[in-house]
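For reference, the structure discussed in these notes is given below.
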Amino acid sequence: MLRVLFFVLIVFALGFGFAFLADIPGEVVLTVANQEITISLMVAAIAIVTVIVAVMFIWWVLKLLLTSPDRVQRFFRSRKRDRGYQSLSTGMIAAGAGDGATARKMLKRADGLLDSTTEPLLHLLDAQAMMLEGRYDDARKKFEEMLEDPETRLLSLRGLYVEAQRLGERDAQRHYAEKAVEVAPQLNWASNAALDLKTADGDWDGAIRLLDKQKSAKQVSKEDAARKRAVLLTAMAMEFAETDPAKAKSAGMEAHKLAPEFAPAAVAAAEAAFGLNETRRGVKILETTWRKEPHPQVGLAYVNAKAGESAADRLKRAKRLEQIKPSHVETNMIVGQMAMEAGEFETARRAVADVLKAEPRESAFVLMADIEDAETGDQGKVREWMARAVRAPRDAAWTADGFVSQKWAPFSPLTGKIDAFEWKVPVETVGAKMIENDLDPMEPGKTAEVLTAEIAAAGAIIAGVVEADIEKAAETQPPKEAKNTAAEVAQAIVVETPLKEDVEQDEALDSSAEELKVPIPDDPGIDPDEKPEEDRRFRLF
């Protein structure tokens, strides 16, 4: 645009100049070889301009002829370079697509058209082609050669790190990642890899220092930095919980301040405070987290704040949690558990019933089986609750990359990623169908005394019917035959109808006697050879 404007201005200036000369009268006299040549002023101006243009044209032609060899050479060199870069581009695309044969073919073509000393991408394509061909040792040597060139040093460190990751060499991964961080701290992959590796090795101080560098370089947001720092401090508090309680408490308190809703941080800080006999501070920490996000591990730590407390005292603590977060599923679960241990079965049943209405889960049905076993010992009812627990949705657990754990960890055991564990229902159980619960949690089962009384009553009813049959037979048959029949029937009654003492002491019965069993509804029965156990409770926690 500027060139066009400049050309227009020149044309306008020339036109204006010639018009100005045309309006001015005058002549130009030239004396050549004693001859005078007289021309007008306008003609003289045109002649001068023509001479100047002719001289410029002749100079351009001469310059073109003198520089033509270089121009031709540059043309062919540029054409060769373009062909080389086209081959290199095609080879890189083939390597990215996993086509090793095409990548190798394009590499040979590009290597003949480009200079490998000035084009580092040729080395990268060569290394990638080797990896596609399965020549990992050669590719590793190629990356090591690229370390010598400052332009390809970071690229080679990345390649060596990926190769070490493929082989599972953690020491090599750490070495290359830390070296890349030293050369270029702004590399996210290097800093994140170094952070994950330091975390996996338990180097909490080194990981925290590296995290601070990332925060200073603005590689991570303030929220992410605070969360990861809380995770690292929590892991540190858990490690020093027994060896250095004061350090564990300091780390746990800082982690709790950074993430008050983070249950592992609250539990670690509270347990460290309990170990230093600072029960009130530990309880306050747990109450703060419970108020933000109730968690079963926080509840257990809270009710067990003081060692040696009775079950009734633990129930009181659970009810304080209920006051903080009423009508919550986790609150009802911890109250039900503590109420069962304290022997307040009505309270326990009511709490678990609320859970089954709001969010049926495996642990709730198992807890109901515990309550039933502790209160009544009705094994048929216990098995019914356990049958529903098998088909119920699973409880939430610590999950990371598909790995399920009951304990929290600062990094994933599969990928080594920091803060990978989440408290959620495992993926494979989401949407699981459960059998319909038709049992009433508030209706206790039958105790052994009730079952014994029902069996005795049933035996008495059968005995009365048989006696009536005996009297009827005695009236229609001879006395002797009736007597024999009465004796036989009486013997059958004795054999088939167990007495109350026989039920309570069934081990003393004669092995040849056939007992009359009244099965419990939906009860599959009990193996007669099975010996009674001391404690048949199904513990949830």
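Each chain in the structure tokens gets a letter, A, B, ..., in the order shown, and its residues are numbered from 1; ligands are numbered from 1 in order too.
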Residue neighbourhood segment 88-97 of chain A, 12 Å, only C-alpha atoms, exclusion window fewer than 6 positions, as a PyMOL selection string = chain A and resi 81-82+103-116+119-133
Just-selected residues, N, CA, C and O atoms written as a short mmCIF file (atom, residue, chain, number, x, y, z; two decimals), in the first residue's frame:
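Wrote it out as out08.cif, contents follow:
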data_model
loop_
_atom_site.label_atom_id
_atom_site.label_comp_id
_atom_site.auth_asym_id
_atom_site.auth_seq_id
_atom_site.Cartn_x
_atom_site.Cartn_y
_atom_site.Cartn_z
N ARG A 81 15.98 -27.30 -0.13
CA ARG A 81 15.58 -27.17 1.27
C ARG A 81 14.08 -27.38 1.44
O ARG A 81 13.64 -28.03 2.40
N ASP A 82 13.31 -26.83 0.51
CA ASP A 82 11.86 -27.01 0.61
C ASP A 82 11.47 -28.48 0.49
O ASP A 82 10.60 -28.97 1.21
N ALA A 103 8.16 -43.30 8.25
CA ALA A 103 9.03 -42.36 8.95
C ALA A 103 10.49 -42.60 8.58
O ALA A 103 11.25 -41.64 8.34
N ARG A 104 10.91 -43.86 8.52
CA ARG A 104 12.28 -44.16 8.14
C ARG A 104 12.57 -43.76 6.69
O ARG A 104 13.63 -43.21 6.38
N LYS A 105 11.62 -44.00 5.79
CA LYS A 105 11.80 -43.63 4.37
C LYS A 105 11.93 -42.11 4.22
O LYS A 105 12.81 -41.62 3.50
N MET A 106 11.06 -41.37 4.89
CA MET A 106 11.13 -39.92 4.80
C MET A 106 12.40 -39.36 5.47
O MET A 106 12.94 -38.34 5.05
N LEU A 107 12.88 -40.06 6.50
CA LEU A 107 14.12 -39.63 7.16
C LEU A 107 15.30 -39.74 6.20
O LEU A 107 16.14 -38.83 6.13
N LYS A 108 15.39 -40.84 5.47
CA LYS A 108 16.48 -41.00 4.51
C LYS A 108 16.42 -39.93 3.43
O LYS A 108 17.45 -39.37 3.03
N ARG A 109 15.22 -39.62 2.96
CA ARG A 109 15.09 -38.60 1.94
C ARG A 109 15.45 -37.22 2.49
O ARG A 109 16.18 -36.45 1.84
N ALA A 110 14.97 -36.91 3.68
CA ALA A 110 15.27 -35.60 4.26
C ALA A 110 16.73 -35.48 4.64
O ALA A 110 17.32 -34.39 4.55
N ASP A 111 17.36 -36.60 5.05
CA ASP A 111 18.76 -36.56 5.42
C ASP A 111 19.65 -36.24 4.22
O ASP A 111 20.73 -35.65 4.37
N GLY A 112 19.22 -36.62 3.02
CA GLY A 112 19.98 -36.31 1.82
C GLY A 112 19.76 -34.90 1.33
O GLY A 112 20.56 -34.39 0.52
N LEU A 113 18.70 -34.26 1.77
CA LEU A 113 18.38 -32.91 1.30
C LEU A 113 18.73 -31.83 2.32
O LEU A 113 18.89 -30.67 1.96
N LEU A 114 18.81 -32.22 3.62
CA LEU A 114 19.09 -31.24 4.67
C LEU A 114 20.38 -31.59 5.38
O LEU A 114 20.83 -32.75 5.37
N ASP A 115 20.95 -30.63 6.04
CA ASP A 115 22.19 -30.83 6.79
C ASP A 115 21.83 -31.16 8.23
O ASP A 115 21.18 -30.36 8.93
N SER A 116 22.24 -32.33 8.69
CA SER A 116 21.89 -32.76 10.04
C SER A 116 22.55 -31.92 11.11
O SER A 116 22.10 -31.89 12.26
N GLU A 119 20.00 -28.93 11.33
CA GLU A 119 18.58 -29.25 11.49
C GLU A 119 18.41 -30.33 12.56
O GLU A 119 18.55 -31.52 12.28
N PRO A 120 18.13 -29.96 13.83
CA PRO A 120 18.03 -30.95 14.91
C PRO A 120 16.81 -31.87 14.80
O PRO A 120 16.80 -32.93 15.43
N LEU A 121 15.81 -31.46 14.05
CA LEU A 121 14.63 -32.32 13.94
C LEU A 121 14.94 -33.65 13.27
O LEU A 121 14.21 -34.63 13.45
N LEU A 122 16.02 -33.70 12.48
CA LEU A 122 16.41 -34.97 11.88
C LEU A 122 16.79 -36.00 12.95
O LEU A 122 16.45 -37.18 12.84
N HIS A 123 17.46 -35.55 14.01
CA HIS A 123 17.82 -36.45 15.11
C HIS A 123 16.57 -36.94 15.85
O HIS A 123 16.49 -38.11 16.24
N LEU A 124 15.62 -36.03 16.04
CA LEU A 124 14.38 -36.43 16.71
C LEU A 124 13.63 -37.46 15.89
O LEU A 124 13.14 -38.47 16.43
N LEU A 125 13.51 -37.24 14.59
CA LEU A 125 12.81 -38.19 13.73
C LEU A 125 13.52 -39.53 13.72
O LEU A 125 12.88 -40.60 13.72
N ASP A 126 14.84 -39.50 13.75
CA ASP A 126 15.61 -40.75 13.78
C ASP A 126 15.33 -41.52 15.06
O ASP A 126 15.11 -42.74 15.05
N ALA A 127 15.30 -40.82 16.20
CA ALA A 127 15.03 -41.49 17.49
C ALA A 127 13.61 -42.04 17.54
O ALA A 127 13.38 -43.17 18.02
N GLN A 128 12.66 -41.29 17.03
CA GLN A 128 11.28 -41.78 17.02
C GLN A 128 11.12 -42.98 16.11
O GLN A 128 10.38 -43.93 16.43
N ALA A 129 11.79 -42.96 14.97
CA ALA A 129 11.72 -44.12 14.07
C ALA A 129 12.32 -45.36 14.73
O ALA A 129 11.80 -46.48 14.58
N MET A 130 13.41 -45.19 15.47
CA MET A 130 14.01 -46.32 16.18
C MET A 130 13.05 -46.89 17.22
O MET A 130 12.94 -48.11 17.38
N MET A 131 12.35 -46.02 17.93
CA MET A 131 11.40 -46.50 18.94
C MET A 131 10.25 -47.24 18.30
O MET A 131 9.77 -48.26 18.82
N LEU A 132 9.79 -46.75 17.14
CA LEU A 132 8.72 -47.46 16.44
C LEU A 132 9.17 -48.81 15.91
O LEU A 132 8.37 -49.75 15.81
N GLU A 133 10.44 -48.92 15.61
CA GLU A 133 10.99 -50.18 15.11
C GLU A 133 11.40 -51.12 16.24
O GLU A 133 11.84 -52.24 15.98
#
request  = Within segment 90-297 of chain A, find each residue whose DSSP state, derived from the backbone, is alpha helix (DSSP H), and express the selection as a PyMOL selection string.
outcome  = chain A and resi 90-97+100-113+121-132+136-146+153-167+170-183+188-200+204-216+222-239+245-258+263-275+279-292+296-297
ask   = Which residues in segment 240-417 of chain A does DSSP call strand (DSSP E or B)? List them as an NGL selection string.
value = :A and (397-400 or 403-405 or 411)
Test item: residues at most 12 Å from Phe411 of chain A, only C-alpha atoms, excluding those fewer than 4 positions along its chain, as number ranges by chain = A: 195-202, 204, 228, 231-232, 234-235, 398-401, 403, 405, 407, 415-422
Using N, CA, C and O atoms, can you write the selected residues to a file as a short mmCIF file (atom, residue, chain, number, x, y, z; two decimals), in the first residue's frame?
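The new file result_4.cif reads:
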data_model
loop_
_atom_site.label_atom_id
_atom_site.label_comp_id
_atom_site.auth_asym_id
_atom_site.auth_seq_id
_atom_site.Cartn_x
_atom_site.Cartn_y
_atom_site.Cartn_z
N LEU A 195 7.86 -33.61 41.16
CA LEU A 195 7.02 -33.53 42.37
C LEU A 195 6.40 -34.88 42.70
O LEU A 195 6.41 -35.31 43.86
N ASP A 196 5.86 -35.56 41.69
CA ASP A 196 5.26 -36.87 41.93
C ASP A 196 6.29 -37.88 42.41
O ASP A 196 6.01 -38.70 43.31
N LEU A 197 7.48 -37.85 41.85
CA LEU A 197 8.52 -38.81 42.23
C LEU A 197 9.02 -38.53 43.65
O LEU A 197 9.25 -39.48 44.42
N LYS A 198 9.19 -37.27 44.01
CA LYS A 198 9.60 -36.95 45.38
C LYS A 198 8.53 -37.37 46.38
O LYS A 198 8.83 -37.86 47.47
N THR A 199 7.27 -37.20 45.99
CA THR A 199 6.18 -37.63 46.88
C THR A 199 6.17 -39.14 47.05
O THR A 199 6.00 -39.65 48.15
N ALA A 200 6.35 -39.86 45.94
CA ALA A 200 6.35 -41.32 46.02
C ALA A 200 7.52 -41.84 46.86
O ALA A 200 7.41 -42.90 47.50
N ASP A 201 8.64 -41.13 46.89
CA ASP A 201 9.80 -41.54 47.67
C ASP A 201 9.74 -41.05 49.11
O ASP A 201 10.65 -41.35 49.90
N GLY A 202 8.70 -40.29 49.46
CA GLY A 202 8.57 -39.81 50.83
C GLY A 202 9.45 -38.62 51.15
O GLY A 202 9.65 -38.29 52.33
N TRP A 204 9.14 -35.40 51.60
CA TRP A 204 8.10 -34.39 51.75
C TRP A 204 8.68 -32.98 51.72
O TRP A 204 8.10 -32.09 51.08
N LYS A 228 -2.29 -29.21 47.20
CA LYS A 228 -1.17 -30.14 47.16
C LYS A 228 -0.28 -29.98 48.39
O LYS A 228 0.24 -30.98 48.92
N VAL A 231 -1.89 -31.88 51.13
CA VAL A 231 -1.68 -33.32 50.96
C VAL A 231 -0.30 -33.73 51.44
O VAL A 231 -0.13 -34.73 52.17
N LEU A 232 0.72 -32.97 51.05
CA LEU A 232 2.09 -33.29 51.46
C LEU A 232 2.27 -33.15 52.97
O LEU A 232 2.92 -34.00 53.62
N THR A 234 -0.08 -33.48 55.22
CA THR A 234 -0.82 -34.58 55.85
C THR A 234 0.01 -35.86 55.84
O THR A 234 0.07 -36.60 56.82
N ALA A 235 0.64 -36.14 54.69
CA ALA A 235 1.50 -37.33 54.60
C ALA A 235 2.66 -37.23 55.60
O ALA A 235 3.04 -38.22 56.23
N TRP A 398 -11.62 -44.90 49.40
CA TRP A 398 -10.57 -44.11 48.77
C TRP A 398 -10.20 -44.78 47.45
O TRP A 398 -9.73 -45.91 47.43
N THR A 399 -10.42 -44.06 46.35
CA THR A 399 -10.23 -44.61 45.01
C THR A 399 -9.29 -43.72 44.22
O THR A 399 -9.43 -42.50 44.22
N ALA A 400 -8.32 -44.35 43.54
CA ALA A 400 -7.37 -43.62 42.69
C ALA A 400 -7.02 -44.47 41.49
O ALA A 400 -6.49 -45.58 41.64
N ASP A 401 -7.36 -43.99 40.30
CA ASP A 401 -7.04 -44.68 39.05
C ASP A 401 -7.56 -46.12 39.05
O ASP A 401 -6.90 -47.04 38.58
N PHE A 403 -7.94 -48.02 41.59
CA PHE A 403 -7.45 -48.76 42.76
C PHE A 403 -8.25 -48.34 43.99
O PHE A 403 -8.37 -47.15 44.27
N SER A 405 -8.91 -48.48 48.09
CA SER A 405 -8.21 -48.68 49.36
C SER A 405 -9.06 -48.14 50.50
O SER A 405 -9.81 -47.18 50.33
N LYS A 407 -7.58 -47.06 53.19
CA LYS A 407 -6.74 -46.03 53.80
C LYS A 407 -6.34 -45.01 52.74
O LYS A 407 -6.06 -45.36 51.59
N THR A 415 -0.01 -44.79 39.24
CA THR A 415 0.61 -43.77 38.39
C THR A 415 1.56 -42.86 39.15
O THR A 415 2.35 -42.15 38.52
N GLY A 416 1.51 -42.87 40.47
CA GLY A 416 2.37 -41.99 41.25
C GLY A 416 1.88 -40.55 41.31
O GLY A 416 2.57 -39.69 41.85
N LYS A 417 0.71 -40.27 40.78
CA LYS A 417 0.18 -38.91 40.76
C LYS A 417 -0.20 -38.47 42.16
O LYS A 417 -0.83 -39.19 42.91
N ILE A 418 0.19 -37.24 42.50
CA ILE A 418 -0.11 -36.71 43.82
C ILE A 418 -1.58 -36.32 43.92
O ILE A 418 -2.19 -35.89 42.94
N ASP A 419 -2.16 -36.50 45.11
CA ASP A 419 -3.56 -36.16 45.39
C ASP A 419 -4.51 -36.85 44.41
O ASP A 419 -5.42 -36.23 43.86
N ALA A 420 -4.28 -38.14 44.19
CA ALA A 420 -5.10 -38.89 43.25
C ALA A 420 -6.29 -39.56 43.93
O ALA A 420 -7.29 -39.86 43.28
N PHE A 421 -6.21 -39.81 45.24
CA PHE A 421 -7.28 -40.53 45.93
C PHE A 421 -8.48 -39.63 46.17
O PHE A 421 -8.35 -38.49 46.59
N GLU A 422 -9.65 -40.19 45.88
CA GLU A 422 -10.92 -39.50 46.09
C GLU A 422 -11.84 -40.40 46.91
O GLU A 422 -11.82 -41.63 46.75
#
key: Close residues, segment 333-340 of chain A itself excluded, 7 Å, only C-alpha atoms, min 3 positions apart in chain, as an MDAnalysis selection string   = chainID A and resid 299 311 314:315 318:319 329:330 343:345 347:349 351:352 371
Can I get the selection written as a CSV table (one decimal), in the first residue's frame, with N, CA and C atoms?
chain,number,residue,atom,x,y,z
A,299,GLY,N,-15.5,-39.2,62.1
A,299,GLY,CA,-16.4,-39.6,63.2
A,299,GLY,C,-15.8,-40.7,64.1
A,311,ALA,N,-18.5,-47.4,76.4
A,311,ALA,CA,-19.3,-47.4,75.2
A,311,ALA,C,-20.4,-46.3,75.4
A,314,ARG,N,-18.8,-43.0,74.5
A,314,ARG,CA,-18.6,-42.9,73.0
A,314,ARG,C,-19.9,-42.5,72.4
A,315,LEU,N,-21.0,-43.1,72.9
A,315,LEU,CA,-22.3,-42.8,72.4
A,315,LEU,C,-22.7,-41.3,72.6
A,318,ALA,N,-20.9,-39.4,69.9
A,318,ALA,CA,-21.6,-39.5,68.7
A,318,ALA,C,-22.9,-38.6,68.6
A,319,LYS,N,-23.6,-38.5,69.7
A,319,LYS,CA,-24.8,-37.6,69.7
A,319,LYS,C,-24.4,-36.2,69.6
A,329,VAL,N,-26.4,-38.9,56.7
A,329,VAL,CA,-26.2,-40.4,56.7
A,329,VAL,C,-25.0,-40.8,57.5
A,330,GLU,N,-23.9,-40.1,57.4
A,330,GLU,CA,-22.7,-40.5,58.2
A,330,GLU,C,-23.0,-40.3,59.7
A,343,GLY,N,-25.4,-50.9,73.9
A,343,GLY,CA,-26.6,-51.7,74.3
A,343,GLY,C,-27.9,-51.0,74.1
A,344,GLU,N,-27.9,-49.8,73.5
A,344,GLU,CA,-29.2,-49.1,73.3
A,344,GLU,C,-29.6,-49.4,71.9
A,345,PHE,N,-30.3,-50.6,71.8
A,345,PHE,CA,-30.6,-51.2,70.5
A,345,PHE,C,-31.7,-50.4,69.8
A,347,THR,N,-32.2,-47.1,69.9
A,347,THR,CA,-31.6,-46.0,69.3
A,347,THR,C,-30.8,-46.4,68.0
A,348,ALA,N,-30.1,-47.5,68.1
A,348,ALA,CA,-29.3,-48.0,67.0
A,348,ALA,C,-30.2,-48.4,65.8
A,349,ARG,N,-31.3,-49.0,66.1
A,349,ARG,CA,-32.3,-49.4,65.0
A,349,ARG,C,-32.9,-48.2,64.4
A,351,ALA,N,-31.5,-45.2,64.1
A,351,ALA,CA,-30.5,-44.5,63.3
A,351,ALA,C,-30.3,-45.2,62.0
A,352,VAL,N,-30.2,-46.6,62.0
A,352,VAL,CA,-29.9,-47.3,60.8
A,352,VAL,C,-31.1,-47.3,59.9
A,371,ILE,N,-26.6,-55.6,65.0
A,371,ILE,CA,-27.6,-55.2,66.0
A,371,ILE,C,-28.5,-56.4,66.3
Polymer residues at most 8 Å from segment 277-289 of chain A, only C-alpha atoms, same-chain spacing of 6 or more positions, as JSON, numbers by chain = {"A": [256, 260, 261, 262, 263, 266, 267, 269, 270, 271, 298, 299, 301, 302, 305, 306, 321, 324]}
Could you save those same residues with all heavy atoms as a compact mmCIF listing (two decimals), in the first residue's frame?
# COMPACT_ATOMS: atom_id res chain seq x y z
N HIS A 256 -4.55 -28.71 57.96
CA HIS A 256 -5.96 -28.48 58.27
C HIS A 256 -6.38 -27.04 57.97
O HIS A 256 -7.49 -26.79 57.50
CB HIS A 256 -6.21 -28.81 59.74
CG HIS A 256 -7.62 -28.53 60.19
ND1 HIS A 256 -8.71 -29.23 59.71
CD2 HIS A 256 -8.12 -27.61 61.06
CE1 HIS A 256 -9.81 -28.77 60.27
NE2 HIS A 256 -9.48 -27.78 61.09
N PRO A 260 -9.64 -27.19 55.33
CA PRO A 260 -10.43 -27.61 56.50
C PRO A 260 -11.37 -28.77 56.23
O PRO A 260 -11.72 -29.51 57.15
CB PRO A 260 -11.21 -26.34 56.86
CG PRO A 260 -10.48 -25.22 56.21
CD PRO A 260 -9.88 -25.78 54.97
N GLU A 261 -11.80 -28.94 54.96
CA GLU A 261 -12.73 -30.02 54.64
C GLU A 261 -12.02 -31.34 54.34
O GLU A 261 -12.68 -32.36 54.12
CB GLU A 261 -13.56 -29.60 53.42
CG GLU A 261 -12.83 -29.65 52.07
CD GLU A 261 -11.83 -28.52 51.90
OE1 GLU A 261 -11.85 -27.58 52.73
OE2 GLU A 261 -11.02 -28.58 50.96
N PHE A 262 -10.69 -31.35 54.34
CA PHE A 262 -9.91 -32.53 53.99
C PHE A 262 -9.83 -33.46 55.19
O PHE A 262 -9.16 -33.16 56.18
CB PHE A 262 -8.52 -32.10 53.53
CG PHE A 262 -7.70 -33.19 52.93
CD1 PHE A 262 -8.26 -34.15 52.11
CD2 PHE A 262 -6.33 -33.26 53.17
CE1 PHE A 262 -7.50 -35.15 51.55
CE2 PHE A 262 -5.55 -34.25 52.61
CZ PHE A 262 -6.15 -35.20 51.81
N ALA A 263 -10.54 -34.59 55.13
CA ALA A 263 -10.66 -35.49 56.28
C ALA A 263 -9.33 -36.06 56.74
O ALA A 263 -9.05 -36.08 57.95
CB ALA A 263 -11.64 -36.62 55.94
N ALA A 266 -7.50 -33.53 58.89
CA ALA A 266 -8.12 -33.34 60.20
C ALA A 266 -7.82 -34.50 61.14
O ALA A 266 -7.51 -34.30 62.32
CB ALA A 266 -9.63 -33.16 60.02
N VAL A 267 -7.91 -35.73 60.61
CA VAL A 267 -7.64 -36.90 61.45
C VAL A 267 -6.18 -36.93 61.90
O VAL A 267 -5.88 -37.20 63.06
CB VAL A 267 -8.01 -38.18 60.68
CG1 VAL A 267 -7.59 -39.43 61.46
CG2 VAL A 267 -9.51 -38.23 60.41
N ALA A 269 -4.09 -34.36 62.21
CA ALA A 269 -3.85 -33.29 63.19
C ALA A 269 -4.47 -33.63 64.54
O ALA A 269 -3.85 -33.40 65.59
CB ALA A 269 -4.42 -31.98 62.66
N ALA A 270 -5.68 -34.18 64.53
CA ALA A 270 -6.36 -34.50 65.79
C ALA A 270 -5.64 -35.62 66.53
O ALA A 270 -5.45 -35.55 67.76
CB ALA A 270 -7.80 -34.89 65.50
N GLU A 271 -5.23 -36.67 65.82
CA GLU A 271 -4.55 -37.78 66.49
C GLU A 271 -3.21 -37.33 67.06
O GLU A 271 -2.79 -37.80 68.13
CB GLU A 271 -4.36 -38.93 65.51
CG GLU A 271 -5.67 -39.63 65.15
CD GLU A 271 -5.47 -40.79 64.21
OE1 GLU A 271 -4.35 -40.92 63.65
OE2 GLU A 271 -6.42 -41.57 64.00
N VAL A 298 -13.49 -39.35 60.24
CA VAL A 298 -13.51 -38.25 61.20
C VAL A 298 -14.41 -38.62 62.38
O VAL A 298 -14.07 -38.35 63.55
CB VAL A 298 -14.01 -36.96 60.52
CG1 VAL A 298 -14.19 -35.84 61.53
CG2 VAL A 298 -13.04 -36.53 59.43
N GLY A 299 -15.55 -39.25 62.10
CA GLY A 299 -16.44 -39.65 63.18
C GLY A 299 -15.81 -40.66 64.12
O GLY A 299 -15.93 -40.56 65.35
N ALA A 301 -12.59 -41.11 64.67
CA ALA A 301 -11.55 -40.43 65.45
C ALA A 301 -12.17 -39.60 66.57
O ALA A 301 -11.61 -39.49 67.66
CB ALA A 301 -10.70 -39.56 64.54
N TYR A 302 -13.33 -39.02 66.32
CA TYR A 302 -13.99 -38.17 67.30
C TYR A 302 -14.51 -38.98 68.49
O TYR A 302 -14.30 -38.61 69.65
CB TYR A 302 -15.14 -37.42 66.64
CG TYR A 302 -15.79 -36.38 67.51
CD1 TYR A 302 -15.26 -35.10 67.61
CD2 TYR A 302 -16.94 -36.66 68.23
CE1 TYR A 302 -15.85 -34.14 68.40
CE2 TYR A 302 -17.55 -35.72 69.03
CZ TYR A 302 -17.00 -34.45 69.11
OH TYR A 302 -17.60 -33.51 69.90
N ALA A 305 -11.76 -40.20 70.89
CA ALA A 305 -10.81 -39.14 71.25
C ALA A 305 -10.06 -39.48 72.54
O ALA A 305 -8.86 -39.20 72.66
CB ALA A 305 -11.54 -37.81 71.40
N LYS A 306 -10.72 -40.08 73.50
CA LYS A 306 -10.09 -40.44 74.76
C LYS A 306 -10.02 -41.96 74.86
O LYS A 306 -11.04 -42.65 74.74
CB LYS A 306 -10.89 -39.89 75.95
CG LYS A 306 -10.78 -38.38 76.11
CD LYS A 306 -11.50 -37.93 77.37
CE LYS A 306 -11.35 -36.42 77.57
NZ LYS A 306 -12.03 -35.96 78.80
N LEU A 321 -21.94 -35.18 67.65
CA LEU A 321 -21.81 -35.06 66.19
C LEU A 321 -23.17 -34.92 65.53
O LEU A 321 -23.32 -34.20 64.54
CB LEU A 321 -21.08 -36.28 65.63
CG LEU A 321 -19.59 -36.42 65.97
CD1 LEU A 321 -19.04 -37.70 65.35
CD2 LEU A 321 -18.80 -35.22 65.47
N ILE A 324 -24.23 -31.39 65.63
CA ILE A 324 -23.52 -30.54 64.66
C ILE A 324 -24.09 -30.72 63.26
O ILE A 324 -24.30 -29.75 62.53
CB ILE A 324 -22.01 -30.88 64.67
CG1 ILE A 324 -21.42 -30.55 66.05
CG2 ILE A 324 -21.27 -30.11 63.57
CD1 ILE A 324 -19.97 -30.98 66.20
ask   = What is the distance, in Å and to one decimal place, between atom CA of Gln173 of chain A and atom CA of Lys215 of chain A?
value =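 We find that atom CA of Gln173 of chain A and atom CA of Lys215 of chain A lie 22.4 Å from each other.
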message = If we count only C-alpha atoms and set the cut-off at 10 Å, which residues sit around segment 22-32 of chain A, ignoring sequence neighbours fewer than 6 positions away in its own chain? Please answer as a PyMOL selection string.
response = chain A and resi 16+38-45
query = For the atom pair atom CA of Lys142 of chain A and atom CA of Ala194 of chain A, what is the interatomic distance in Å to one decimal place?
reply =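 Going from atom CA of Lys142 of chain A over to atom CA of Ala194 of chain A covers 23.4 Å.
Put simply, atom CA of Ala369 of chain A is 27.5 Å away from atom CA of Trp408 of chain A.
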task = Rank A:Gln214, A:Lys247, A:Leu65, A:Leu160 by their smallest atom-to-atom distance to His175 of chain A, using only C-alpha atoms, and report the top residue only.
result =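 Of all the options, A:Leu160 lies closest to His175 of chain A.
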